[in-house]
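Participant: Pasting protein17.csv here (CSV, C-alpha atoms):
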chain,number,residue,atom,x,y,z
A,1,MET,CA,37.1,-1.0,-89.0
A,2,SER,CA,37.9,1.5,-86.4
A,3,SER,CA,35.7,1.6,-83.3
A,4,GLN,CA,35.8,5.4,-83.5
A,5,SER,CA,33.3,7.3,-85.6
A,6,SER,CA,31.9,4.4,-87.6
A,7,GLY,CA,34.7,2.0,-86.8
A,8,SER,CA,36.1,2.4,-90.2
A,9,LYS,CA,34.9,5.6,-91.6
A,10,TRP,CA,32.1,5.9,-94.1
A,11,VAL,CA,31.9,9.0,-96.1
A,12,ALA,CA,30.4,10.2,-99.2
A,13,GLY,CA,32.1,9.9,-102.4
A,14,LEU,CA,29.8,12.0,-104.5
A,15,LEU,CA,29.6,10.2,-107.8
A,16,VAL,CA,29.0,13.6,-109.3
A,17,VAL,CA,26.1,14.1,-107.2
A,18,ALA,CA,23.8,11.5,-108.0
A,19,ILE,CA,26.8,10.1,-109.4
A,20,ALA,CA,28.0,11.1,-106.3
A,21,VAL,CA,25.3,11.1,-103.9
A,22,VAL,CA,24.6,7.6,-105.0
A,23,VAL,CA,27.9,6.1,-104.5
A,24,GLY,CA,28.8,8.8,-103.2
A,25,VAL,CA,26.8,8.5,-100.3
A,26,PHE,CA,29.4,7.0,-98.1
A,27,VAL,CA,32.7,5.5,-98.6
A,28,TYR,CA,34.1,2.8,-96.4
A,29,ARG,CA,37.4,4.0,-95.0
A,30,GLU,CA,39.9,1.8,-93.2
A,31,LYS,CA,42.7,2.5,-90.8
A,32,GLN,CA,41.2,5.8,-89.6
A,33,ALA,CA,43.6,6.2,-86.7
A,34,ARG,CA,46.7,6.0,-88.9
A,35,ASP,CA,45.5,8.3,-91.7
A,36,GLY,CA,42.8,10.5,-90.3
A,37,ALA,CA,44.1,13.1,-88.0
A,38,SER,CA,47.3,13.8,-89.8
A,39,ALA,CA,45.8,14.3,-93.3
A,40,PRO,CA,46.8,17.6,-94.8
A,41,PRO,CA,44.2,20.0,-96.3
A,42,PHE,CA,43.0,19.1,-99.7
A,43,SER,CA,44.5,21.0,-102.5
A,44,ALA,CA,43.7,20.5,-106.2
A,45,VAL,CA,46.8,20.4,-108.4
A,46,GLY,CA,46.7,23.0,-111.1
A,47,ALA,CA,43.2,24.2,-110.1
A,48,SER,CA,43.8,27.7,-111.3
A,49,THR,CA,44.1,26.7,-115.0
A,50,SER,CA,41.1,26.6,-117.3
A,51,ALA,CA,39.1,23.5,-118.0
A,52,ALA,CA,40.8,21.3,-120.5
A,53,PRO,CA,38.8,19.8,-123.4
A,54,GLN,CA,38.0,16.1,-123.3
A,55,GLY,CA,40.3,15.2,-126.1
A,56,ALA,CA,43.4,16.7,-124.5
A,57,GLN,CA,44.3,13.6,-122.6
A,58,GLY,CA,46.1,11.7,-125.3
A,59,ALA,CA,45.6,10.2,-128.7
A,60,SER,CA,43.3,7.3,-127.8
A,61,PRO,CA,39.6,8.3,-128.1
A,62,PRO,CA,37.3,7.9,-125.1
A,63,LEU,CA,35.3,4.8,-124.7
A,64,HIS,CA,32.3,6.8,-123.5
A,65,PRO,CA,32.6,10.3,-125.0
A,66,VAL,CA,30.5,13.1,-123.6
A,67,ASP,CA,28.7,14.7,-126.6
A,68,PRO,CA,29.6,18.4,-126.8
A,69,ALA,CA,26.0,19.1,-127.6
A,70,HIS,CA,25.2,18.3,-123.9
A,71,ALA,CA,27.8,20.9,-122.7
A,72,SER,CA,26.7,24.2,-121.3
A,73,THR,CA,26.3,27.0,-123.8
A,74,ALA,CA,27.4,29.5,-121.1
A,75,ALA,CA,31.0,29.8,-120.2
A,76,LEU,CA,32.0,27.7,-117.3
A,77,PRO,CA,34.0,29.2,-114.4
A,78,SER,CA,37.6,28.0,-114.0
A,79,LEU,CA,38.0,25.0,-111.7
A,80,ASP,CA,39.3,27.0,-108.8
A,81,GLN,CA,36.4,29.4,-109.1
A,82,SER,CA,33.6,26.9,-109.6
A,83,ASP,CA,32.5,26.0,-106.0
A,84,ASP,CA,29.6,28.5,-105.8
A,85,ALA,CA,28.1,27.4,-109.1
A,86,ILE,CA,28.7,23.7,-108.4
A,87,LEU,CA,27.1,23.9,-105.0
A,88,ALA,CA,24.1,25.7,-106.3
A,89,GLY,CA,23.6,23.1,-109.0
A,90,LEU,CA,24.0,20.2,-106.6
A,91,LEU,CA,21.5,21.6,-104.1
A,92,GLY,CA,19.1,22.2,-107.0
A,93,LEU,CA,19.1,18.5,-107.7
A,94,THR,CA,17.8,17.6,-104.2
A,95,SER,CA,15.4,20.5,-103.6
A,96,ASP,CA,16.1,20.8,-99.9
A,97,GLU,CA,18.9,21.4,-97.4
A,98,ALA,CA,19.8,17.8,-96.6
A,99,LEU,CA,22.7,17.6,-99.0
A,100,LYS,CA,24.0,21.0,-97.9
A,101,SER,CA,24.4,19.7,-94.3
A,102,LEU,CA,26.7,16.9,-95.6
A,103,LEU,CA,28.7,18.6,-98.3
A,104,ARG,CA,32.1,20.2,-97.9
A,105,SER,CA,32.0,23.5,-99.7
A,106,ASP,CA,35.6,23.9,-101.0
A,107,ALA,CA,37.2,22.2,-104.1
A,108,ILE,CA,33.9,20.3,-104.7
A,109,VAL,CA,34.6,19.0,-108.2
A,110,SER,CA,38.2,18.0,-107.3
A,111,ARG,CA,37.1,16.2,-104.2
A,112,MET,CA,34.4,14.3,-106.2
A,113,VAL,CA,36.8,13.3,-108.9
A,114,ALA,CA,39.6,12.2,-106.4
A,115,THR,CA,37.1,10.2,-104.3
A,116,ILE,CA,35.5,8.5,-107.3
A,117,ASP,CA,38.9,7.6,-108.7
A,118,ALA,CA,39.8,6.0,-105.4
A,119,LEU,CA,36.8,3.8,-104.9
A,120,PRO,CA,38.2,0.7,-106.6
A,121,LYS,CA,41.4,1.0,-104.6
A,122,GLN,CA,42.4,-0.2,-101.1
A,123,THR,CA,42.6,3.1,-99.4
A,124,ILE,CA,41.3,6.7,-99.7
A,125,GLY,CA,42.7,9.8,-98.2
A,126,MET,CA,40.5,11.5,-95.6
A,127,ASN,CA,41.5,14.9,-97.0
A,128,VAL,CA,39.8,14.4,-100.4
A,129,LEU,CA,36.4,13.4,-99.2
A,130,PRO,CA,33.5,15.6,-100.4
A,131,LEU,CA,31.0,14.8,-97.6
A,132,ARG,CA,31.2,15.0,-93.9
A,133,THR,CA,31.4,11.7,-92.0
A,134,PRO,CA,28.4,10.4,-90.0
A,135,THR,CA,28.4,11.1,-86.3
A,136,GLY,CA,28.4,8.5,-83.6
A,137,ARG,CA,30.4,5.3,-83.1
A,138,PHE,CA,30.5,2.0,-85.0
A,139,GLN,CA,28.7,-0.7,-83.0
A,140,VAL,CA,29.1,-4.5,-83.0
A,141,GLN,CA,27.1,-7.2,-81.3
A,142,SER,CA,27.6,-10.8,-80.4
A,143,ASP,CA,25.9,-13.4,-82.5
A,144,ASP,CA,26.3,-17.0,-81.6
A,145,GLY,CA,29.7,-16.4,-80.0
A,146,MET,CA,31.1,-14.2,-82.8
A,147,PHE,CA,31.2,-10.4,-83.5
A,148,VAL,CA,29.0,-9.0,-86.2
A,149,GLU,CA,28.0,-5.4,-87.1
A,150,SER,CA,25.1,-4.1,-85.1
A,151,LYS,CA,22.0,-3.3,-87.2
A,152,LYS,CA,21.8,0.0,-85.4
A,153,ASN,CA,24.7,1.3,-87.6
A,154,VAL,CA,22.4,1.5,-90.6
A,155,GLU,CA,20.4,4.2,-88.8
A,156,ARG,CA,23.4,6.5,-88.9
A,157,TYR,CA,23.3,6.7,-92.7
A,158,GLY,CA,19.6,7.8,-93.0
A,159,THR,CA,20.4,11.3,-94.2
A,160,TYR,CA,22.8,10.0,-96.9
A,161,MET,CA,20.2,7.5,-98.2
A,162,TYR,CA,17.5,10.2,-98.1
A,163,VAL,CA,19.7,12.4,-100.4
A,164,ALA,CA,20.6,9.5,-102.7
A,165,GLU,CA,17.0,8.5,-103.2
A,166,ARG,CA,15.8,12.0,-103.9
A,167,VAL,CA,18.3,12.5,-106.8
A,168,ASP,CA,16.8,11.9,-110.3
A,169,PRO,CA,19.4,10.1,-112.4
A,170,GLN,CA,18.4,11.8,-115.7
A,171,ALA,CA,18.6,15.3,-114.1
A,172,ALA,CA,21.9,14.5,-112.3
A,173,VAL,CA,23.6,13.2,-115.5
A,174,ALA,CA,22.3,16.1,-117.6
A,175,TRP,CA,23.9,18.5,-115.0
A,176,TYR,CA,27.1,16.5,-115.0
A,177,LYS,CA,27.4,16.5,-118.8
A,178,ARG,CA,26.9,20.3,-118.9
A,179,HIS,CA,29.8,20.7,-116.4
A,180,TYR,CA,31.9,17.9,-117.7
A,181,PRO,CA,34.9,20.0,-118.8
A,182,LEU,CA,35.5,20.9,-115.1
A,183,PHE,CA,35.4,17.2,-114.1
A,184,GLN,CA,37.8,16.3,-116.9
A,185,LYS,CA,40.2,19.1,-115.8
A,186,ALA,CA,40.1,17.9,-112.2
A,187,TYR,CA,40.8,14.3,-113.4
A,188,ALA,CA,43.8,15.6,-115.5
A,189,ASP,CA,45.1,17.2,-112.4
A,190,LEU,CA,45.4,13.8,-110.7
A,191,GLY,CA,48.1,12.9,-113.3
A,192,THR,CA,46.4,9.6,-114.2
A,193,GLY,CA,45.7,10.5,-117.9
A,194,GLY,CA,42.7,9.3,-119.8
A,195,TYR,CA,39.1,10.5,-119.6
A,196,PHE,CA,37.1,11.0,-116.4
A,197,ASN,CA,33.8,9.8,-117.9
A,198,ASP,CA,35.5,6.5,-118.8
A,199,ARG,CA,36.7,6.2,-115.3
A,200,LEU,CA,33.3,7.0,-113.9
A,201,VAL,CA,31.7,4.2,-115.9
A,202,GLN,CA,34.4,1.8,-114.8
A,203,VAL,CA,33.9,2.7,-111.1
A,204,ILE,CA,30.1,2.3,-111.4
A,205,ASP,CA,30.7,-1.2,-112.9
A,206,HIS,CA,33.1,-2.0,-110.1
A,207,LEU,CA,30.5,-1.1,-107.5
A,208,LEU,CA,27.8,-3.1,-109.2
A,209,ASP,CA,30.1,-6.1,-109.0
A,210,ALA,CA,30.2,-5.8,-105.2
A,211,PRO,CA,29.3,-9.1,-103.4
A,212,GLU,CA,25.8,-9.5,-101.9
A,213,PRO,CA,26.4,-11.6,-98.8
A,214,LYS,CA,23.6,-13.5,-97.2
A,215,GLY,CA,23.5,-12.9,-93.5
A,216,ALA,CA,25.9,-11.2,-91.1
A,217,LEU,CA,29.6,-11.3,-91.7
A,218,GLN,CA,31.9,-12.2,-88.8
A,219,LEU,CA,34.3,-9.5,-87.5
A,220,ILE,CA,37.4,-10.0,-85.5
A,221,PRO,CA,39.1,-7.4,-83.3
A,222,ALA,CA,42.2,-5.8,-84.8
A,223,LYS,CA,44.8,-3.3,-83.5
A,224,VAL,CA,42.3,-0.6,-84.5
A,225,GLY,CA,38.7,-1.6,-84.5
A,226,TYR,CA,37.6,-4.7,-86.4
A,227,VAL,CA,38.3,-6.5,-89.7
A,228,TYR,CA,36.4,-9.1,-91.6
A,229,ALA,CA,37.2,-12.6,-90.6
A,230,ASN,CA,36.8,-13.8,-94.2
A,231,PRO,CA,40.0,-12.6,-96.1
A,232,ALA,CA,38.0,-12.4,-99.4
A,233,TYR,CA,35.9,-9.6,-97.9
A,234,GLU,CA,38.7,-7.9,-96.1
A,235,GLN,CA,40.6,-7.6,-99.3
A,236,LEU,CA,37.8,-5.8,-101.2
A,237,SER,CA,38.2,-2.2,-102.4
A,238,VAL,CA,37.0,0.6,-100.3
A,239,GLY,CA,34.0,1.1,-102.7
A,240,GLN,CA,32.9,-2.6,-102.6
A,241,LYS,CA,33.3,-2.7,-98.8
A,242,PHE,CA,31.0,0.3,-98.6
A,243,MET,CA,28.4,-1.5,-100.8
A,244,ILE,CA,28.2,-4.5,-98.5
A,245,ARG,CA,28.6,-2.6,-95.3
A,246,VAL,CA,25.5,-0.4,-96.0
A,247,GLY,CA,23.3,-3.4,-95.6
A,248,ALA,CA,21.4,-5.7,-98.1
A,249,GLU,CA,18.4,-3.4,-98.5
A,250,ASN,CA,20.4,-0.2,-99.0
A,251,GLU,CA,22.9,-2.0,-101.3
A,252,ALA,CA,20.0,-3.1,-103.6
A,253,LYS,CA,18.6,0.5,-103.7
A,254,LEU,CA,22.1,2.0,-104.5
A,255,LYS,CA,22.7,-0.6,-107.2
A,256,ALA,CA,19.4,0.2,-108.8
A,257,LYS,CA,20.3,3.9,-108.8
A,258,LEU,CA,23.7,3.2,-110.2
A,259,ARG,CA,22.3,1.2,-113.1
A,260,ALA,CA,20.0,4.1,-113.9
A,261,LEU,CA,23.0,6.5,-113.7
A,262,ARG,CA,25.2,4.3,-115.9
A,263,GLU,CA,22.5,4.0,-118.5
A,264,ALA,CA,22.1,7.8,-118.7
A,265,ILE,CA,25.8,8.4,-118.7
A,266,VAL,CA,26.5,6.2,-121.7
A,267,ALA,CA,23.4,7.2,-123.7
A,268,GLU,CA,24.0,9.0,-126.9
Now, as a test, write the supplied structure out as structure tokens.
Facilitator:
Amino acid sequence: MSSQSSGSKWVAGLLVVAIAVVVGVFVYREKQARDGASAPPFSAVGASTSAAPQGAQGASPPLHPVDPAHASTAALPSLDQSDDAILAGLLGLTSDEALKSLLRSDAIVSRMVATIDALPKQTIGMNVLPLRTPTGRFQVQSDDGMFVESKKNVERYGTYMYVAERVDPQAAVAWYKRHYPLFQKAYADLGTGGYFNDRLVQVIDHLLDAPEPKGALQLIPAKVGYVYANPAYEQLSVGQKFMIRVGAENEAKLKAKLRALREAIVAE
């Protein structure tokens, strides 16, 4: 955890707005000094091509198909021309300007997809993040002779939690399904194959499996910032580290929102 700007950066990983704003809301980011300043601008591969149909990713059928009946009856813009429409849709889900102050306005869908795909991994590139990082510095305090995270850090994420709590899961998932071809196209551009909706459900399940530690976790100084003293926590994915780092109360709120999102996503 870097002592600069959140020690190890948290940022949003828009789980497709609520899918996004929920897990989205911040993503735990390690080794900021090594990766942050030198990250190249984000560029979606093949973004100028039209959205691909869900079944174009191979012979195996999706585990969690998106019913075409939920798709938009109006023609969707191409992925590289979708930012204005996507931004308007996301802001409509929160009904105020809070999300707009956090959201990066370029390559929105591609950033969401790349970030969500990276949550179960050990690292995430700073250049793909869809939301701006919190301001201020990560703080630690001494507790019985050991370093632990200061409770003041939770205050820095108030706007993110506010946005997450205002998003209605049913409305967010309905919006997501209508625009699903764009998300599938962005996922295909990552070169991973498969179906984005399946990956999204997999990522939500991964986040729901995040530990729920009782009490403060010991931190030890590292070359850059701090790391968890317990190797089992230090080896967690960026997504699961986020879930425990946000604090027990916020973790419980986010998991409740994620369960509601998952239920709506897999519903027929």
Participant: Let me make sure I understand: among A:Met146, A:Ile265, A:Ala186, A:Leu119, which one has the smallest atom-to-atom distance to A:Val203 if we use all atoms listed in the file?
Facilitator: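 Once distances to A:Val203 are computed over all atoms listed in the file, the minimum belongs to A:Leu119.
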Participant: Between A:Lys100, A:Leu63, A:Val266, A:Pro213, which has the minimum distance to A:Ala174 (counting all atoms listed in the file)?
Facilitator: A:Val266
Participant: To one decimal place in Å, what is the distance between atom CA of A:Gln202 and atom CA of A:Val238?
Facilitator: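 Atom CA of A:Gln202 sits 14.8 Å away from atom CA of A:Val238.
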Participant: Of the candidates A:Val246, A:Ala75, A:Val224, A:Ala216, which shows the shortest atom-to-atom distance to A:Glu155, using only C-alpha atoms?
Facilitator: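 Looking only at the distances to A:Glu155, the closest residue turns out to be A:Val246.
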Participant: Name the closest residue to A:Leu254 among the candidates A:Pro221, A:Gly193, A:Pro169, A:Pro181; distances are taken between atoms, counting only C-alpha atoms.
Facilitator: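 Looking at the shortest contact to A:Leu254, the residue is A:Pro169.
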Participant: For a quick check of understanding, using all atoms listed in the file, which of A:Ala256, A:Ile124, A:Ala114, A:Ala98 has the smallest distance to A:Gln184?
Facilitator: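 With all atoms listed in the file as the atom set, the closest residue is A:Ala114.
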